[in-house]
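These notes concern the structure reproduced below.
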Amino acid sequence: MSSRPAFLVSDVHLGAVPPRTEEAFRRWLLHVKESGSRLIINGDLFDFWFEYGRVILSEHVRVLALLADLVESGVPVLIMGGNHDWWGGDFLRESIGVDFHREPVRIRVKGRSVLLAHGDGLGPGDPGYRILRLVLRSRVTRGLFRRLHPDLGVRIADRVSGTRAHLTSGRWPGGDERTKFLSAWASQQLDEDASLDIVALGHVHLPEVTEMAPGRFYVNSGDWVLHRSYVTIGDSGRPELHEWEG
């Protein structure tokens with residue numbers, strides 16, 4: 001096992017954040033290549049991602065190249081689809097080489113058992129969002145969207161995203177309520193499964209590492225919209241929260 005830490009990040013929202021944020025994130029990826037044993041991106045790497053078959057959004061080429069380089073250098077990359085980029089697939093898996101997931105997954109990180117989920121759609125409640133989620137992720141909707149010219153698809157996605165407005169306001173709406181819910185949900189998962197060590201989520205854009213019980217943690221890697229935060233897990237198995245300043 002490598003003595004280098006695993007890196008965990010989420011909610012970068014590339015395509016909506018300013019160029020200087022993407023530039024900082026690319027520098028961070030180079031840091032991960034030099035210092036990390038593994039990279040886990042827990043949803044919403046992109047503010048919008050849709051695989052059209054033979055068309056790839058040009059604005060993401062440099063980040064995609066760095067991810068491919070990470071994989072080729074021996075640093076495996078896992079990406080969890082978030083509510084903005086759930087529509088990833090074969091291109092990310094086959095051309096870039098990442099391990100792409102659309103649903104929560106249990107993984108091992110530095111000998112610890114980690115439940116990884118982006119954070120949207122967990123638990124009961126919010127029926128309106130659940131219905132919208134089902135519609136947007138259906139085969140019919142994806143098939144119809146694929147018929148649109150990519151330039152039009154990107155404009156539509158940008159209109160409904162809301163990320164740019166949140167950048168202007170400096171806060172993420174509904175964060176307090178959803179943050180409390182995700183913390184409680186993580187605590188419940190840890191209570192119900194004694195073999196689980198870490199619950200890692202994103203989505204609410206608020207970085208947090210909380211030891212729910214001795215040696216057992218709820219981790220939220222925060223975001224790069226407001227915080228440029230990330231988490232490392234070293235050989236001790238204890239997650240540590242950081243903010244990138246490079």
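Convention: chains lettered A, B, ... in structure tokens order; per-chain residue numbering from 1; ligands numbered from 1 as shown.
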
TODO: Quick one: everything within 8 Å of A:Asp223, counting only C-alpha atoms, minus sequence neighbours fewer than 3 positions away in the same chain. Send it as a PyMOL selection string.
DONE: chain A and resi 9-12+202+205-207+226-230

List as a PDB file with N, CA, C and O atoms, in the first residue's frame the protein and nucleic acid residues near stretch 186-197 of chain A, meaning an atom at most 6 Å away when only C-alpha atoms are counted, but skip any in the same chain fewer than 3 places from it.
```pdb
ATOM      1  N   ARG A 112      -9.900   1.553   5.328  1.00  0.00           N
ATOM      2  CA  ARG A 112     -11.169   1.918   5.947  1.00  0.00           C
ATOM      3  C   ARG A 112     -12.308   1.674   4.977  1.00  0.00           C
ATOM      4  O   ARG A 112     -12.175   1.856   3.765  1.00  0.00           O
ATOM      5  N   SER A 113     -13.458   1.296   5.523  1.00  0.00           N
ATOM      6  CA  SER A 113     -14.654   1.084   4.715  1.00  0.00           C
ATOM      7  C   SER A 113     -15.391   2.413   4.568  1.00  0.00           C
ATOM      8  O   SER A 113     -15.788   3.033   5.562  1.00  0.00           O
ATOM      9  N   SER A 183     -25.943  15.183   7.587  1.00  0.00           N
ATOM     10  CA  SER A 183     -25.210  14.778   8.785  1.00  0.00           C
ATOM     11  C   SER A 183     -25.978  13.702   9.551  1.00  0.00           C
ATOM     12  O   SER A 183     -25.400  12.702   9.997  1.00  0.00           O
ATOM     13  N   ARG A 216     -14.769   6.864  13.689  1.00  0.00           N
ATOM     14  CA  ARG A 216     -15.791   6.751  12.641  1.00  0.00           C
ATOM     15  C   ARG A 216     -16.288   8.161  12.303  1.00  0.00           C
ATOM     16  O   ARG A 216     -16.629   8.934  13.195  1.00  0.00           O
TER      17      ARG A 216
END
```

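Here atom CA of A:Arg238 stands at a distance of 25.5 Å from atom CA of A:Ser73.
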
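We find atom CA of A:Asp44 and atom CA of A:Leu115 to be spaced 17.3 Å apart.
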
Fewer than 5 positions away in the same chain doesn't count, so skip those; otherwise give me all residues within 9 Å of stretch 56-58 of chain A, counting only C-alpha atoms, as a short mmCIF file (atom, residue, chain, number, x, y, z; two decimals) with all heavy atoms, in the first residue's frame.
```cif
data_model
loop_
_atom_site.label_atom_id
_atom_site.label_comp_id
_atom_site.auth_asym_id
_atom_site.auth_seq_id
_atom_site.Cartn_x
_atom_site.Cartn_y
_atom_site.Cartn_z
N TRP A 49 -22.52 17.98 -17.63
CA TRP A 49 -21.82 16.97 -18.43
C TRP A 49 -22.86 16.07 -19.07
O TRP A 49 -23.76 15.56 -18.40
CB TRP A 49 -20.88 16.14 -17.56
CG TRP A 49 -20.16 15.09 -18.36
CD1 TRP A 49 -20.55 13.79 -18.54
CD2 TRP A 49 -18.97 15.26 -19.13
NE1 TRP A 49 -19.67 13.14 -19.36
CE2 TRP A 49 -18.68 14.02 -19.74
CE3 TRP A 49 -18.12 16.34 -19.36
CZ2 TRP A 49 -17.57 13.83 -20.55
CZ3 TRP A 49 -17.02 16.15 -20.17
CH2 TRP A 49 -16.75 14.92 -20.75
N PHE A 50 -22.72 15.89 -20.36
CA PHE A 50 -23.60 14.97 -21.08
C PHE A 50 -22.80 14.38 -22.23
O PHE A 50 -22.15 15.12 -22.97
CB PHE A 50 -24.83 15.71 -21.62
CG PHE A 50 -25.89 14.81 -22.18
CD1 PHE A 50 -26.86 14.26 -21.37
CD2 PHE A 50 -25.91 14.50 -23.54
CE1 PHE A 50 -27.84 13.43 -21.88
CE2 PHE A 50 -26.88 13.68 -24.07
CZ PHE A 50 -27.85 13.13 -23.23
N GLU A 51 -22.84 13.06 -22.35
CA GLU A 51 -22.09 12.41 -23.42
C GLU A 51 -22.96 12.25 -24.65
O GLU A 51 -23.94 11.50 -24.63
CB GLU A 51 -21.55 11.07 -22.92
CG GLU A 51 -20.51 11.26 -21.82
CD GLU A 51 -19.73 10.01 -21.51
OE1 GLU A 51 -19.89 9.00 -22.24
OE2 GLU A 51 -18.96 10.02 -20.54
N PHE A 91 -17.30 7.43 -22.32
CA PHE A 91 -16.14 8.26 -22.62
C PHE A 91 -15.24 8.40 -21.40
O PHE A 91 -14.01 8.25 -21.48
CB PHE A 91 -16.56 9.64 -23.12
CG PHE A 91 -15.40 10.58 -23.30
CD1 PHE A 91 -14.61 10.51 -24.43
CD2 PHE A 91 -15.09 11.52 -22.33
CE1 PHE A 91 -13.52 11.37 -24.60
CE2 PHE A 91 -14.00 12.37 -22.48
CZ PHE A 91 -13.22 12.29 -23.61
N PRO A 150 -25.41 20.27 -29.36
CA PRO A 150 -24.73 20.46 -28.08
C PRO A 150 -24.70 21.91 -27.61
O PRO A 150 -24.82 22.18 -26.41
CB PRO A 150 -23.32 19.93 -28.35
CG PRO A 150 -23.51 18.90 -29.41
CD PRO A 150 -24.63 19.42 -30.28
N VAL A 154 -26.07 22.94 -23.96
CA VAL A 154 -25.27 23.63 -22.95
C VAL A 154 -25.97 24.90 -22.48
O VAL A 154 -25.99 25.21 -21.29
CB VAL A 154 -23.87 23.95 -23.51
CG1 VAL A 154 -23.12 24.89 -22.56
CG2 VAL A 154 -23.07 22.68 -23.71
#
```

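The list of residues with at least one atom within 7 Å of A:Thr210, based on only C-alpha atoms and without residues fewer than 3 positions apart in the same chain, reads Phe217, Tyr218 and Val219 of chain A.
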
For A:Gly222, the closest of A:Glu240, A:Glu22, A:Asp47, A:Glu208 counting only C-alpha atoms is A:Glu208

- Query: So which residues touch A:Val231 within 6 Å, counting only C-alpha atoms, skipping near sequence neighbours fewer than 2 positions away, as a list in words?
  - Reply: Phe7, Leu8, Ser221, Glu240, Leu241 and His242 of chain A

May I have the selected residues written with all heavy atoms, as an mmCIF file, in the first residue's frame?
```cif
data_model
loop_
_atom_site.group_PDB
_atom_site.id
_atom_site.type_symbol
_atom_site.label_atom_id
_atom_site.label_comp_id
_atom_site.auth_asym_id
_atom_site.auth_seq_id
_atom_site.Cartn_x
_atom_site.Cartn_y
_atom_site.Cartn_z
ATOM 1 N N PHE A 7 -6.987 11.394 -1.952
ATOM 2 C CA PHE A 7 -7.575 12.728 -2.004
ATOM 3 C C PHE A 7 -9.052 12.621 -2.367
ATOM 4 O O PHE A 7 -9.423 11.831 -3.244
ATOM 5 C CB PHE A 7 -6.866 13.588 -3.055
ATOM 6 C CG PHE A 7 -5.523 14.098 -2.626
ATOM 7 C CD1 PHE A 7 -4.421 13.249 -2.568
ATOM 8 C CD2 PHE A 7 -5.346 15.431 -2.276
ATOM 9 C CE1 PHE A 7 -3.171 13.722 -2.186
ATOM 10 C CE2 PHE A 7 -4.101 15.916 -1.887
ATOM 11 C CZ PHE A 7 -3.015 15.049 -1.840
ATOM 12 N N LEU A 8 -9.875 13.419 -1.705
ATOM 13 C CA LEU A 8 -11.317 13.430 -1.920
ATOM 14 C C LEU A 8 -11.777 14.868 -2.136
ATOM 15 O O LEU A 8 -11.459 15.763 -1.345
ATOM 16 C CB LEU A 8 -12.034 12.824 -0.704
ATOM 17 C CG LEU A 8 -13.553 12.896 -0.654
ATOM 18 C CD1 LEU A 8 -14.181 12.072 -1.778
ATOM 19 C CD2 LEU A 8 -14.060 12.399 0.698
ATOM 20 N N SER A 221 -16.752 16.949 1.648
ATOM 21 C CA SER A 221 -15.564 17.578 1.071
ATOM 22 C C SER A 221 -15.790 19.014 0.641
ATOM 23 O O SER A 221 -14.867 19.663 0.142
ATOM 24 C CB SER A 221 -15.043 16.741 -0.102
ATOM 25 O OG SER A 221 -16.101 16.258 -0.902
ATOM 26 N N GLU A 240 -8.758 14.257 6.930
ATOM 27 C CA GLU A 240 -8.342 15.596 7.307
ATOM 28 C C GLU A 240 -8.813 16.585 6.240
ATOM 29 O O GLU A 240 -8.676 16.348 5.046
ATOM 30 C CB GLU A 240 -6.819 15.678 7.446
ATOM 31 C CG GLU A 240 -6.272 14.809 8.557
ATOM 32 C CD GLU A 240 -4.764 14.958 8.725
ATOM 33 O OE1 GLU A 240 -4.191 15.875 8.077
ATOM 34 O OE2 GLU A 240 -4.172 14.178 9.484
ATOM 35 N N LEU A 241 -9.347 17.719 6.701
ATOM 36 C CA LEU A 241 -9.911 18.726 5.818
ATOM 37 C C LEU A 241 -8.853 19.788 5.497
ATOM 38 O O LEU A 241 -8.107 20.225 6.381
ATOM 39 C CB LEU A 241 -11.123 19.370 6.482
ATOM 40 C CG LEU A 241 -11.946 20.373 5.682
ATOM 41 C CD1 LEU A 241 -12.579 19.697 4.477
ATOM 42 C CD2 LEU A 241 -13.030 20.971 6.590
ATOM 43 N N HIS A 242 -8.820 20.194 4.208
ATOM 44 C CA HIS A 242 -7.846 21.194 3.768
ATOM 45 C C HIS A 242 -8.530 22.215 2.864
ATOM 46 O O HIS A 242 -9.614 21.964 2.333
ATOM 47 C CB HIS A 242 -6.704 20.547 2.963
ATOM 48 C CG HIS A 242 -6.083 19.358 3.629
ATOM 49 N ND1 HIS A 242 -4.986 19.447 4.454
ATOM 50 C CD2 HIS A 242 -6.410 18.036 3.566
ATOM 51 C CE1 HIS A 242 -4.654 18.247 4.882
ATOM 52 N NE2 HIS A 242 -5.497 17.376 4.358
#
```

Excluding A:Ile233 and its own-chain neighbours fewer than 4 positions away, which residues fall within 6 Å of it when counting only C-alpha atoms? Please give them as a list in words. Pro5, Ala6, Gly237, Arg238 and Pro239 of chain A

Write to file, as a short mmCIF file (atom, residue, chain, number, x, y, z; two decimals), in the first residue's frame, the residues of the selection just made, with N, CA and C atoms.
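Generated output (out.cif):
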```
data_model
loop_
_atom_site.label_atom_id
_atom_site.label_comp_id
_atom_site.auth_asym_id
_atom_site.auth_seq_id
_atom_site.Cartn_x
_atom_site.Cartn_y
_atom_site.Cartn_z
N PRO A 5 -1.34 9.80 0.64
CA PRO A 5 -2.76 9.84 1.02
C PRO A 5 -3.67 9.73 -0.19
N ALA A 6 -4.90 9.34 0.08
CA ALA A 6 -5.98 9.44 -0.92
C ALA A 6 -6.58 10.84 -0.81
N GLY A 237 -5.92 6.45 8.49
CA GLY A 237 -7.34 6.26 8.21
C GLY A 237 -8.21 7.41 8.67
N ARG A 238 -7.60 8.45 9.27
CA ARG A 238 -8.36 9.60 9.74
C ARG A 238 -8.46 10.64 8.63
N PRO A 239 -9.66 11.05 8.26
CA PRO A 239 -9.81 12.09 7.23
C PRO A 239 -9.41 13.46 7.77
#
```

Could you list, as a PDB file with C-alpha atoms, in the first residue's frame, every residue within 10 Å of A:Asp69, counting only C-alpha atoms and ignoring same-chain residues fewer than 2 positions away?
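Writing done, so here's around-v8.pdb:
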```pdb
ATOM      1  CA  LEU A  29      -4.603  17.932  -9.866  1.00  0.00           C
ATOM      2  CA  LEU A  30      -0.869  18.199 -10.536  1.00  0.00           C
ATOM      3  CA  LYS A  33      -0.365  13.413  -9.169  1.00  0.00           C
ATOM      4  CA  VAL A  63      -9.028  18.966 -17.063  1.00  0.00           C
ATOM      5  CA  LEU A  64      -9.922  15.734 -18.871  1.00  0.00           C
ATOM      6  CA  ALA A  65      -6.351  15.473 -20.143  1.00  0.00           C
ATOM      7  CA  LEU A  66      -5.009  15.890 -16.605  1.00  0.00           C
ATOM      8  CA  LEU A  67      -7.360  13.189 -15.307  1.00  0.00           C
ATOM      9  CA  VAL A  71      -4.650   7.444 -14.407  1.00  0.00           C
ATOM     10  CA  GLU A  72      -1.737   6.725 -16.739  1.00  0.00           C
ATOM     11  CA  SER A  73       0.742   7.746 -14.027  1.00  0.00           C
ATOM     12  CA  GLY A  74      -0.716   5.131 -11.663  1.00  0.00           C
ATOM     13  CA  VAL A  75      -3.080   7.275  -9.599  1.00  0.00           C
ATOM     14  CA  ILE A  96     -10.134   8.848 -19.754  1.00  0.00           C
ATOM     15  CA  GLY A  97      -9.837   5.660 -17.695  1.00  0.00           C
TER      16      GLY A  97
END
```

As a check of understanding: the span from atom CA of A:Glu59 to atom CA of A:Val105 is 28.8 Å

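The residue that comes closest to A:Trp185, out of A:Ile107, A:Val55, A:Met212, A:Ile41 and on the basis of only C-alpha atoms, is A:Met212.
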
Of A:Arg54, A:Arg147, A:Leu122, A:Gly111, the one nearest to A:Ser236 when counting only C-alpha atoms is A:Gly111
